[in-house]
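File shown: structure.txt (compact mmCIF, C-alpha atoms).
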# COMPACT_ATOMS: atom_id res chain seq x y z
CA MET A 20 -10.65 -24.75 41.89
CA ALA A 21 -13.31 -25.96 39.46
CA LEU A 22 -12.40 -27.66 36.24
CA PRO A 23 -13.23 -25.86 32.97
CA GLY A 24 -16.32 -26.92 31.01
CA THR A 25 -16.22 -29.56 28.30
CA LEU A 26 -15.51 -28.45 24.73
CA THR A 27 -17.82 -29.45 21.92
CA VAL A 28 -16.35 -31.07 18.81
CA GLU A 29 -17.08 -27.85 16.88
CA GLU A 30 -15.19 -25.75 19.43
CA LEU A 31 -12.28 -28.18 19.51
CA PHE A 32 -11.78 -28.13 15.73
CA ALA A 33 -12.81 -24.51 15.07
CA PRO A 34 -10.18 -22.19 13.61
CA PRO A 35 -8.18 -20.57 16.41
CA GLN A 36 -9.02 -17.00 17.35
CA ARG A 37 -5.29 -16.30 17.57
CA ALA A 38 -2.36 -18.39 16.40
CA ARG A 39 1.45 -18.37 16.09
CA ALA A 40 2.08 -15.67 18.69
CA SER A 41 5.59 -14.30 19.04
CA ILE A 42 7.13 -11.66 21.29
CA SER A 43 9.33 -8.88 19.90
CA PRO A 44 13.05 -9.06 20.76
CA ASP A 45 12.72 -6.15 23.19
CA GLY A 46 9.64 -7.71 24.84
CA THR A 47 7.36 -4.71 24.23
CA ARG A 48 5.07 -6.17 21.54
CA ILE A 49 3.36 -9.39 20.66
CA ALA A 50 2.44 -10.39 17.11
CA TYR A 51 -0.02 -13.10 16.17
CA LEU A 52 -2.26 -14.33 13.37
CA ALA A 53 -6.00 -13.70 13.63
CA PRO A 54 -8.86 -13.27 11.17
CA TRP A 55 -10.01 -9.85 9.96
CA GLN A 56 -12.79 -9.42 7.40
CA GLY A 57 -12.72 -13.13 6.60
CA ARG A 58 -8.96 -13.28 5.96
CA LEU A 59 -6.02 -14.21 8.11
CA ASN A 60 -3.99 -11.15 9.10
CA VAL A 61 -0.91 -10.38 11.17
CA TRP A 62 -1.77 -8.37 14.28
CA ALA A 63 0.58 -6.51 16.59
CA GLN A 64 -0.14 -5.31 20.08
CA GLY A 65 1.98 -3.28 22.41
CA VAL A 66 1.41 -2.53 26.05
CA GLY A 67 -1.81 -0.63 25.23
CA PRO A 68 -5.24 -2.23 25.03
CA ARG A 69 -5.77 -1.80 21.29
CA PRO A 70 -4.25 -4.33 18.88
CA ARG A 71 -3.96 -3.45 15.23
CA HIS A 72 -3.74 -5.52 12.11
CA THR A 73 -0.56 -4.91 10.19
CA THR A 74 -1.73 -6.34 6.91
CA SER A 75 -4.67 -5.08 4.97
CA PRO A 76 -5.40 -6.99 1.79
CA LEU A 77 -7.53 -4.17 0.37
CA THR A 78 -4.94 -1.46 0.98
CA ARG A 79 -1.97 -3.54 -0.12
CA THR A 80 -3.80 -4.62 -3.28
CA ALA A 81 -4.51 -1.00 -4.21
CA VAL A 82 -0.93 0.08 -3.47
CA GLU A 83 0.55 -2.85 -5.41
CA ALA A 84 -1.76 -2.20 -8.38
CA LEU A 85 -0.81 1.48 -8.51
CA ARG A 86 2.91 0.71 -8.23
CA ALA A 87 2.60 -1.94 -10.95
CA ARG A 88 1.26 0.82 -13.22
CA GLY A 89 4.29 2.96 -12.41
CA ALA A 90 2.53 5.32 -10.01
CA GLU A 91 4.48 6.67 -7.07
CA VAL A 92 2.74 5.73 -3.82
CA GLU A 93 3.65 6.73 -0.28
CA TYR A 94 2.11 4.16 2.06
CA VAL A 95 1.99 5.62 5.58
CA VAL A 96 1.77 3.23 8.56
CA PHE A 97 2.09 4.26 12.19
CA ASP A 98 3.14 1.67 14.79
CA ASP A 99 0.60 2.87 17.34
CA GLU A 100 -2.43 3.06 15.03
CA GLY A 101 -4.92 0.64 13.55
CA HIS A 102 -6.91 1.01 10.36
CA MET A 103 -7.67 4.70 10.96
CA PHE A 104 -5.43 7.48 12.26
CA VAL A 105 -6.66 8.56 15.70
CA SER A 106 -3.65 10.15 17.39
CA PRO A 107 -3.52 13.91 16.66
CA GLU A 108 0.24 13.68 16.07
CA ASN A 109 -0.27 10.92 13.49
CA VAL A 110 -3.10 12.82 11.77
CA ILE A 111 -0.82 15.87 11.45
CA ALA A 112 2.05 13.69 10.18
CA MET A 113 -0.27 12.09 7.61
CA PHE A 114 -1.43 15.49 6.33
CA ARG A 115 2.18 16.70 6.16
CA ALA A 116 3.10 13.64 4.10
CA ALA A 117 0.09 14.26 1.82
CA GLU A 118 1.06 17.92 1.44
CA ARG A 119 4.67 16.99 0.52
CA PHE A 120 3.42 14.42 -1.98
CA LEU A 121 0.97 16.84 -3.62
CA ALA A 122 3.55 19.65 -3.68
CA GLN A 123 6.01 17.31 -5.39
CA HIS A 124 3.53 16.18 -8.02
CA LEU A 125 1.29 19.23 -8.45
CA GLY A 126 3.61 22.07 -7.48
CA ALA A 127 4.11 23.92 -4.22
CA ARG A 128 1.43 26.13 -2.68
CA GLN A 129 1.66 29.84 -3.35

Mind converting the file's structure to structure tokens?
Amino acid sequence: MALPGTLTVEELFAPPQRARASISPDGTRIAYLAPWQGRLNVWAQGVGPRPRHTTSPLTRTAVEALRARGAEVEYVVFDDEGHMFVSPENVIAMFRAAERFLAQHLGARQ
């Protein structure tokens, strides 16, 4: 078996691509820190091939700002999705949540 190549000083001291990994108590997910859009984020990955970031500074900032102004905000997060909703079931659930929210605040549909 061949030895791995030599690391440069830049590679050795570069920020890690992933750090502080931990496994969920049931062993089905792994969480770790990794950069996203220039900021460190928490990522979670299950058995599937697609990890997702669980923190979004832009979204959380908007939600926090609206709540600070007294606005009611329903922040929908699905465990098996990333930044966008892809699963048809999750898209339907998101639209149902939006419909409930709008009905509550604007009145029910006729």

Quiz item: A:Ala63, A:Gln56, A:Ala87, A:Leu31: which is nearest Ser43 of chain A, counting all atoms listed in the file?
Solution: A:Ala63

Taking every listed atom of segment 27-40 of chain A and adding 3 Å to each side, what centre and edge lengths in Å (one decimal) does the axis-aligned box have, as AutoDock Vina command-line options?
--center_x -7.9 --center_y -23.4 --center_z 17.8 --size_x 25.9 --size_y 21.4 --size_z 14.3

Exercise. Grab the atom CA of Gly57 of chain A to atom CA of Ala38 of chain A distance for me, in Å with one decimal place.
Key: 15.2 Å

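One distance worth recording is that between atom CA of Tyr94 of chain A and atom CA of Glu108 of chain A, which is 17.0 Å.
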
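Our summary of the geometry notes that atom CA of Asp98 of chain A is positioned 19.5 Å from atom CA of Leu59 of chain A.
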
Quiz item: Neighbours of Leu52 of chain A within 10 Å (only C-alpha atoms; same-chain residues fewer than 4 positions away dropped), as a VMD selection string?
Solution: chain A and resid 35 to 41 59 to 63 72

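Of the listed residues (A:Ala21, A:Val92, A:Val105, A:Thr47), A:Val92 comes nearest to Ala117 of chain A; the distances count all atoms listed in the file.
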